[in-house]
Structure formats: structure tokens, C-alpha cells
There are 2 protein chains.
Amino acid sequence: MDINQIAQLAGVSRATVSRYLNDGYVSQEKRAAIARVIKETGYVPSQYAKSLRTGKSNVVGVIIPKINSASVSRMVAGMTTILNEAGYQLLLANTDNDESREVSFLRLFGEKNQVDGIILIATVFTPAHEEVLSGLTLPLVVLNQSHPGKSCVYQNNEGALHDITELALKKGTHPAYIGVHEEDTSAGRMSHRGFLDACREAGVEVPDRAQVVTTSTVDTGYMAAEQILHDYPEVDTIVCATDSIAYGTLTCLQEYGHRVPEDIQVTGIGDGDLSQIVSPTLTTVHPYYKTSGIEAAKMLVGLMNDSDTAQRDIRMGYELVVRNSTR
Amino acid sequence: MDINQIAQLAGVSRATVSRYLNDGYVSQEKRAAIARVIKETGYVPSQYAKSLRTGKSNVVGVIIPKINSASVSRMVAGMTTILNEAGYQLLLANTDNDESREVSFLRLFGEKNQVDGIILIATVFTPAHEEVLSGLTLPLVVLNQSHPGKSCVYQNNEGALHDITELALKKGTHPAYIGVHEEDTSAGRMSHRGFLDACREAGVEVPDRAQVVTTSTVDTGYMAAEQILHDYPEVDTIVCATDSIAYGTLTCLQEYGHRVPEDIQVTGIGDGDLSQIVSPTLTTVHPYYKTSGIEAAKMLVGLMNDSDTAQRDIRMGYELVVRNSTR
DNA sequence: TTGTATGCGTTATCAG
DNA sequence: CTGATAACGCATACAA
């Protein structure tokens with residue numbers, strides 16, 4: 001069922017059918033005839049052919065580290081609405097936390113091929129990333145990290161950790177910090193800086209033994225809290241870089257018989273589903289993940305349409321959610 | 001950068017380059033020459049043209065009700081691994097729980113176009129669904145629901161609820177049930193049946209006021225539990241159709257001063273992340289979501305390759321996870 | 001307002 | 001083993 005058959009059945013040339021499908025510029029009679037034939041046959045134009053001819057696919061490639069994650073799936077949910085509205089489909093590339101796959105997808109999509117634009121939910125930037133990123137002509141938006149020279153949308157981890165630490169220090173005097181690795185992800189670094197700034201402003205000293213680095217899971221959070229309890233027994237406030245770590249910390253404190261928040265305050269970042277369910281409920285920061293996906297998608301649509309849209313950065317806002325794990 | 005330029009640079013015809021890219025059947029010398037040129041130029045074949053010519057896209061359409069959901073994102077994670085291994089990309093279509101969008105995506109993908117196969121994570125089957133489903137020629141796998149005549153992979157909700165109810169009834173005598181709506185989703189109906197069967201086998205009577213229907217959220221779970229407490233005060237066991245409902249129930253019981261599991265047992269279905277964190281930790285059923293995604297993807301790959309693969313159903317297994325919310 | 005002719009980049013057929 | 005050549009289904013410049 002191709003455009004030629006439609007043309008024949010409608011008694012017009014295929015160019016007219018094509019115009020009917022696109023610009024317009026067709027007389028009422030022919031328009032009606034074509035419409036009727038299309039309805040009868042259920043004809044749908046071939047995307048392949050259309051894309052081959054126009055060089056546009058109406059598909060955007062979305063590279064994600066892990067679909068199976070609350071923050072990522074919210075971002076994807078956000079961009080889906082915008083992109084679909086704008087007539088684009090999402091081609092999903094899941095790297096399963098494998099950096100090399102991230103680079104190869106970037107390359108695959110980037111090589112003048114298959115997609116009209118890319119959204120990269122970034123984790124780390126290796127030299128390989130930089131290389132492929134620099135030689136990229138397609139519209140691209142980096143989500144979740146800031147990257148010089150590229151349009152990006154990212155969370156204000158520094159501000160979030162600063163504010164929540166500041167809050168906790170109104171009632172606490174011996175804060176500890178459980179963060180995530182800081183080598184290649186700016187998120188980790190910025191978070192730590194926010195914490196340290198707030199401490200400095202409050203005039204409290206934080207010894208090294210009160211600051212540990214781990215990964216963002218409940219189990220490792222538990223272990224990190226255990227370590228702090230051991231190395232820094234005077235602790236009365238534990239600021240965690242993620243909610244998952246905070247959950248582990250809560251469990252640990254409970255098992256060691258420390259009361260939260262009376263003896264030790266705990267804070268997280270993320271406002272995960274569990275945060276209002278754990279006991280005590282967790283004081284945390286609500287990051288606008290879904291909205292960041294929406295913003296990234298809007299930006300990309302802008303880049304793909306008006307090719308001269310200026311590159312810009314969006315640092316997302318956040319909201320302190322004060323619950324019962326702080327005094 | 002197209003195949004003609006590569007051919008010219010390598011001193012061969014474009015047919016030879018094409019063969020190099022596909023079947024093989026190229027002499028060593030030419031092979032080397034082409035390889036060199038391709039490496040130098042970074043040439044990548046156009047998917048559009050390839051698809052137009054071959055009628056295959058190496059893309060499968062995945063229709064999901066909501067990306068932002070633990071079960072769905074796990075299923076997607078599972079199929080991603082299999083599909084990527086088999087050389088397919090995922091085109092994601094998120095309906096955001098809008099049935100009509102589900103149908104239109106089905107139609108869009110189905111109209112001989114754009115994708116080589118479809119995985120539908122099903123929620124409900126309306127007449128509109130049936131209509132488009134019946135006139136579908138593309139390989140399709142239905143995930144999460146069973147559907148006569150179509151290959152499908154689904155959870156054994158009936159078995160899961162039966163077994164967990166059976167377990168709870170070893171220590172309980174007055175069970176209540178909080179389920180989800182049963183009109184159009186077989187999941188809800190099957191769950192309820194599993195519960196009732198186990199009760200019947202155990203010889204316990206369950207009055208209507210001990211069975212309520214709600215939606216699967218923490219808040220509505222809370223309210224449903226409240227209602228049961230009011231209408232059926234002698235309750236000593238609450239079987240919930242989902243973990244979310246169970247979380248709400250736990251919170252409710254705690255606030256009303258009922259001890260779990262001493263006074264009232266609670267069970268869920270799903271083994272969500274929170275289940276080992278809430279207190280008491282939740283007795284639930286671990287459904288193999290990720291594995292079901294893997295199975296669905298394998299099935300679809302089979303259907304797409306050997307077009308004569310028999311249609312079949314897979315009912316997934318499950319595993320009872322006994323924790324501290326039951327005696 | 002409409003039709004004709006051409007090309008988008010591949011792969012497949014068919015001789016050589 | 002290789003090279004012409006003809007599609008694949010569509011959009012568009014150009015002529016009418």
C-alpha cells in the first residue's frame with residue numbers, strides 16, 4: 001500500500017497525494033477524494049521513505065544509565081510528554097551503567113543517522129565521552145550533569161546540600177557526611193561542597209573521620225553509618241547525599257539503639273517514595289526530576305527546530321521537605 | 001558520506017561495499033581496502049535507506065502504561081538486554097495510563113510501519129484494543145496480561161495470592177482483603193480469586209465487609225485499611241494485592257495502635273524496595289518482573305526471526321518472601 | 001492548482 | 001568473486 005496506489009485510486013498524481021499529506025495546496029475536490037481513499041485503505045506513509053527523503057526521522061535518542069531507577073524513570077516520563085506532543089518518538093538506549101556503552105550509543109546516534117536529536121542522562125565524562133561529544137553535529141541536551149559548551153539541565157546539588165545542612169545545624173553541632181564518589185561525577189563533588197560550605201558558615205569543624213564516601217544503596221549506607229558511629233561517636237547529625245544512603249543509615253541507627261532525631265538527626269536528598277514511609281519520616285530535598293526531563297525535552301525541541309537556539313544551562317530548583325528525622 | 005563515496009575511494013563498486021557490509025563474499029584485498037576507507041572516513045550506513053530497501057528496521061516498539069513505575073521499569077530493563085543483544089533498539093511509547101493512546105500507538109506501530117515487532121505491557125483490553133489487535137500482522141508479545149490468541153507473558157497473581165494467603169492463615173483466622181479494581185484487568189480478578197480459594201481451602205468465611213477494592217497507592221491503601229478496621233474490627237490478617245497498599249496499611253495500623261504482626265498480620269505482593277525497610281519488614285511475594293521482560297523479549301525475537309514460531313503463553317513463577325509482618 | 005521527473009542511500013538480481 | 005542496474009516509497013523543483 002504505497003502512495004502510488006492511493007494516487008491511482010483517487011485519480012490524481014502521487015505528487016498531489018504527497019502535498020495532501022504535507023503542505024496542503026490541493027483543491028477541495030481532490031482533497032476529498034484522497035481523504036476517502038486513504039480512509040478506505042487505511043494507508044499510512046512509510047517513515048523509512050519519508051526519512052530517507054527528508055533526512056528527518058522524528059525520533060530522538062535517549063541515552064540512560066539505568067531505566068530501573070526512580071530518578072531516571074521520572075526524567076524519562078517528563079520528556080515523553082513533551083516530545084510526543086512535539087511529534088517525536090523516543091528511541092531508548094539503556095547502558096546499564098556501562099560507560100563504554102554510553103559512548104558507543106552516542107557515537108551510533110551521532111554519526112549522522114537515525115535520530116534527530118539526543119538527550120543524554122549523564123553519569124560521568126571520560127576522555128572518550130569528550131571526544132565523541134566534541135565531534136557531534138546533532139542537537140544534544142545533557143541531563144543531570146553540567147557540561148561546558150553543551151546545553152544542559154542539572155540538579156543544584158550544591159544548593160540542596162547546603163540548605164539541608166544549614167537546617168540540620170540549627171539543632172546539631174557534630175555533623176557527619178556520607179557522600180558518593182567524587183572522581184568523575186560532578187554531582188558528588190558539588191554535594192560535598194554544599195555540605196562543607198554550610199558547616200563553615202555555621203562555624204563548625206568537620207574532621208575527616210566524619211566524612212565517608214560510598215555508593216548510593218541502602219546496604220552501603222548502612223555500612224557507612226556504622227563506620228561513622230565507630231570513628232566519630234560524638235556525631236549528632238548525619239547528612240546523606242542520597243535518600244537510599246539515608247534509609248540505610250536510619251536502619252543502622254535503629255539497630256544500634258540510637259533514637260532519631262533525639263540522639264542523631266538524619267537527612268537525605270531525593271524525596272524518594274519511601275521517605276514518607278520510613279520511621280521516622282525522612283527530612284530530605286525534593287528534586288524536580290520529572291520537570292528536569294520536561295525542561296531538557298523543551299530545550300531539545302528548540303534546538304531541533306530553530307537551529308540557532310542559543311546553548312544554555314538550566315539549574316533546577318529544589319524544595320526542602322522537613323519531616324521527622326530532624327529536630 | 002554515502003556508500004558511493006566509499007566505493008570510489010576503495011576503488012570498487014558500491015555493490016561490493018554493500019556485500020562487505022552484509023553477507024561477505026568479498027576478496028581479501030578488496031575487503032582490506034574497504035575496511036581501511038571505512039575506518040578513515042568513519043562511514044556509517046544510513047538506517048533509513050537500509051530499512052526502506054529491506055523492510056526491516058531493527059527497532060521494536062514497546063508500549064508501556066507508565067515508565068515511572070517500579071514494575072514497568074524492571075520489565076523494560078529486562079527486555080533491553082535481550083533486544084540489544086539481538087541487535088534491536090527500543091522505541092518507547094509511553095501512554096501515561098491513557099487507554100486510547102495505547103490503542104493509537106498499537107495502530108501506529110502496527111500499520112506495516114517503522115518497527116519490526118511490538119511488546120505491549122498491557123493494562124486493560126477494551127473493544128478498541130481487540131479490534132486493532134485482531135488486525136495486526138506484526139509479531140507481538142503481550143506482557144503482564146494473558147490474551148487469547150496472542151503470545152504473552154504474565155504474572156501468576158492467582159497463585160501468588162493463594163500461597164501468601166495460605167501462609168497467613170496458618171496463624172490467622174479473620175482475614176481481610178484489599179484488592180484493585182477488577183472490571184477490565186484480569187490481574188485484579190485473578191488476585192481476588194487466589195485469596196478466596198485459599199480461604200475456602202482453610203475453611204474460613206470472609207464477609208463482604210472484609211473485602212475492599214481500591215487503587216494501588218500508599219494513600220489509598222491507608223484509607224482502605226482504615227475502612228476495614230472500622231467495618232471488620234475482628235480482623236487479624238490483612239492480605240493486600242500490592243506492596244503499596246500494604247505500606248499504607250502498615251502506617252494505618254501503626255497509627256491506630258495495632259501491633260504488626262502480633263495483633264494483625266499484613267502481606268503484600270511485589271517485593272518492592274521498601275519492603276525490607278518498612279518496619280516491620282513486609283512479608284510479600286517476589287515477582288520476577290525483570291525476568292518477565294527478558295522472556296517477552298526472547299519470545300519476540302523468536303517471532304521476528306523464525307516467523308513460524310508457535311504462539312505460546314508463559315506464566316511466570318514467583319517466590320514467597322517471608323519477613324516480619326506475619327507471625 | 002496539478003503532474004513529471006529526479007534523487008535520497010541501500011540491497012538484491014543478474015550477468016559477467 | 002564483481003559490477004551494472006533496478007527497485008524501495010516518498011518529497012520536491014520545475015514546468016504546465
# chains A, B, ... in the order shown; residues from 1 in each chain; ligands from 1

call {"tool": "interface_residues", "arguments": {"of": "chain A", "to": "chain D", "cutoff": "12 Å", "atoms": "only C-alpha atoms (C1' of nucleotides)", "output": "VMD selection string"}}
result
chain A and resid 1 to 5 14 to 23 44 to 55

call {"tool": "select_by_dssp", "arguments": {"residues": "range 66-294 of chain A", "states": "strand (DSSP E)", "output": "count of residues only"}}
result
41

call {"tool": "interface_residues", "arguments": {"of": "chain A", "to": "chain B", "cutoff": "8 Å", "atoms": "only C-alpha atoms", "output": "VMD selection string"}}
result
chain A and resid 43 to 44 46 to 49 51 to 52 66 to 70 73 to 74 76 to 77 80 89 to 94 111 113 to 114 247 251 274 277 to 279

call {"tool": "write_last_selection", "arguments": {"atoms": "N, CA, C and O atoms", "output": "tab-separated table (two decimals), in the first residue's frame"}}
result
chain	number	residue	atom	x	y	z
A	43	TYR	N	-4.33	3.57	4.57
A	43	TYR	CA	-2.95	3.84	4.18
A	43	TYR	C	-2.20	4.69	5.21
A	43	TYR	O	-2.73	5.64	5.76
A	44	VAL	N	-0.96	4.30	5.49
A	44	VAL	CA	-0.08	5.07	6.36
A	44	VAL	C	1.25	5.22	5.64
A	44	VAL	O	1.82	4.23	5.19
A	46	SER	N	5.11	5.51	4.68
A	46	SER	CA	6.29	4.83	5.21
A	46	SER	C	7.27	5.83	5.82
A	46	SER	O	7.75	6.73	5.15
A	47	GLN	N	7.53	5.64	7.09
A	47	GLN	CA	8.50	6.50	7.76
A	47	GLN	C	9.88	6.37	7.12
A	47	GLN	O	10.63	7.33	7.03
A	48	TYR	N	10.22	5.15	6.74
A	48	TYR	CA	11.54	4.94	6.16
A	48	TYR	C	11.76	5.86	4.98
A	48	TYR	O	12.75	6.60	4.91
A	49	ALA	N	10.82	5.75	4.04
A	49	ALA	CA	10.96	6.52	2.81
A	49	ALA	C	10.95	8.01	3.11
A	49	ALA	O	11.75	8.78	2.58
A	51	SER	N	11.81	9.50	5.82
A	51	SER	CA	13.05	9.89	6.48
A	51	SER	C	14.20	9.93	5.48
A	51	SER	O	15.04	10.82	5.52
A	52	LEU	N	14.22	8.95	4.62
A	52	LEU	CA	15.30	8.89	3.64
A	52	LEU	C	15.28	10.17	2.79
A	52	LEU	O	16.31	10.78	2.51
A	66	LYS	N	20.29	3.69	33.43
A	66	LYS	CA	19.56	2.60	34.07
A	66	LYS	C	18.09	2.98	34.11
A	66	LYS	O	17.73	3.98	34.71
A	67	ILE	N	17.29	2.21	33.45
A	67	ILE	CA	15.87	2.56	33.40
A	67	ILE	C	15.24	2.31	34.74
A	67	ILE	O	14.35	3.01	35.18
A	68	ASN	N	15.76	1.31	35.37
A	68	ASN	CA	15.22	0.78	36.60
A	68	ASN	C	15.66	1.64	37.78
A	68	ASN	O	16.29	1.19	38.71
A	69	SER	N	15.35	2.92	37.72
A	69	SER	CA	15.76	3.84	38.78
A	69	SER	C	14.72	4.94	38.87
A	69	SER	O	14.22	5.44	37.86
A	70	ALA	N	14.39	5.31	40.07
A	70	ALA	CA	13.29	6.26	40.26
A	70	ALA	C	13.58	7.59	39.58
A	70	ALA	O	12.73	8.14	38.88
A	73	SER	N	13.60	7.20	35.65
A	73	SER	CA	12.31	6.93	35.04
A	73	SER	C	11.42	8.17	35.12
A	73	SER	O	10.61	8.42	34.24
A	74	ARG	N	11.60	8.97	36.15
A	74	ARG	CA	10.82	10.21	36.21
A	74	ARG	C	11.25	11.19	35.13
A	74	ARG	O	10.44	11.87	34.52
A	76	VAL	N	12.53	10.44	32.28
A	76	VAL	CA	12.04	9.93	31.00
A	76	VAL	C	10.54	10.21	30.87
A	76	VAL	O	10.06	10.61	29.81
A	77	ALA	N	9.82	10.03	31.96
A	77	ALA	CA	8.39	10.31	31.93
A	77	ALA	C	8.16	11.77	31.53
A	77	ALA	O	7.30	12.07	30.71
A	80	THR	N	8.94	12.39	27.83
A	80	THR	CA	8.00	11.73	26.93
A	80	THR	C	6.83	12.64	26.58
A	80	THR	O	6.45	12.76	25.42
A	89	GLN	N	9.14	10.51	18.64
A	89	GLN	CA	9.16	9.27	19.37
A	89	GLN	C	10.50	9.14	20.10
A	89	GLN	O	11.48	9.75	19.70
A	90	LEU	N	10.50	8.33	21.15
A	90	LEU	CA	11.74	8.13	21.91
A	90	LEU	C	12.41	6.82	21.55
A	90	LEU	O	11.79	5.76	21.69
A	91	LEU	N	13.65	6.89	21.16
A	91	LEU	CA	14.43	5.67	20.97
A	91	LEU	C	15.30	5.54	22.21
A	91	LEU	O	16.18	6.37	22.46
A	92	LEU	N	15.04	4.50	22.97
A	92	LEU	CA	15.68	4.38	24.27
A	92	LEU	C	16.96	3.55	24.20
A	92	LEU	O	16.94	2.46	23.67
A	93	ALA	N	18.02	4.09	24.74
A	93	ALA	CA	19.26	3.32	24.80
A	93	ALA	C	19.70	3.21	26.25
A	93	ALA	O	20.10	4.19	26.86
A	94	ASN	N	19.61	2.02	26.77
A	94	ASN	CA	19.94	1.77	28.17
A	94	ASN	C	21.37	1.23	28.26
A	94	ASN	O	21.68	0.22	27.66
A	111	GLU	N	26.45	9.64	14.47
A	111	GLU	CA	27.01	9.52	13.13
A	111	GLU	C	25.98	9.85	12.07
A	111	GLU	O	25.69	9.04	11.20
A	113	ASN	N	22.78	10.02	11.73
A	113	ASN	CA	22.00	8.83	11.47
A	113	ASN	C	20.80	8.68	12.38
A	113	ASN	O	20.85	9.02	13.53
A	114	GLN	N	19.72	8.26	11.83
A	114	GLN	CA	18.68	7.60	12.62
A	114	GLN	C	17.90	8.45	13.61
A	114	GLN	O	16.72	8.21	13.82
A	247	TYR	N	18.26	5.85	54.13
A	247	TYR	CA	17.46	4.73	54.61
A	247	TYR	C	18.36	3.73	55.34
A	247	TYR	O	18.03	3.25	56.42
A	251	THR	N	18.21	2.60	59.39
A	251	THR	CA	18.16	1.23	59.86
A	251	THR	C	19.31	0.94	60.82
A	251	THR	O	19.14	0.35	61.89
A	274	LEU	N	9.92	6.18	49.57
A	274	LEU	CA	10.00	5.63	50.91
A	274	LEU	C	10.10	6.69	51.98
A	274	LEU	O	9.85	6.44	53.14
A	277	ILE	N	7.55	7.14	54.42
A	277	ILE	CA	7.06	5.89	54.97
A	277	ILE	C	8.00	5.35	56.04
A	277	ILE	O	7.57	4.77	57.02
A	278	VAL	N	9.28	5.53	55.85
A	278	VAL	CA	10.22	5.07	56.87
A	278	VAL	C	9.89	5.77	58.17
A	278	VAL	O	9.24	6.81	58.19
A	279	SER	N	10.31	5.15	59.28
A	279	SER	CA	10.05	5.84	60.52
A	279	SER	C	11.36	6.05	61.25
A	279	SER	O	12.12	5.12	61.43

call {"tool": "residues_around", "arguments": {"residues": "Thr220 in chain A", "least_positions_apart": "3", "cutoff": "9 Å", "atoms": "only C-alpha atoms (C1' of nucleotides)", "output": "ChimeraX atom specification"}}
result
/A:214-217,223-225,244-245,248-249

call {"tool": "closest_residue", "arguments": {"among": "A:Ala168, A:Ala86, A:Ala210, A:Ile63", "to": "Thr123 in chain A", "atoms": "only C-alpha atoms"}}
result
A:Ile63

call {"tool": "atom_distance", "arguments": {"atom1": "CA of Val239 in chain A", "atom2": "CA of Gln276 in chain B"}}
result
22.3 Å

call {"tool": "interface_residues", "arguments": {"of": "chain C", "to": "chain A", "cutoff": "7 Å", "atoms": "only C-alpha atoms (C1' of nucleotides)", "output": "list in words"}}
result
DT1, DG3 and DC8 of chain C
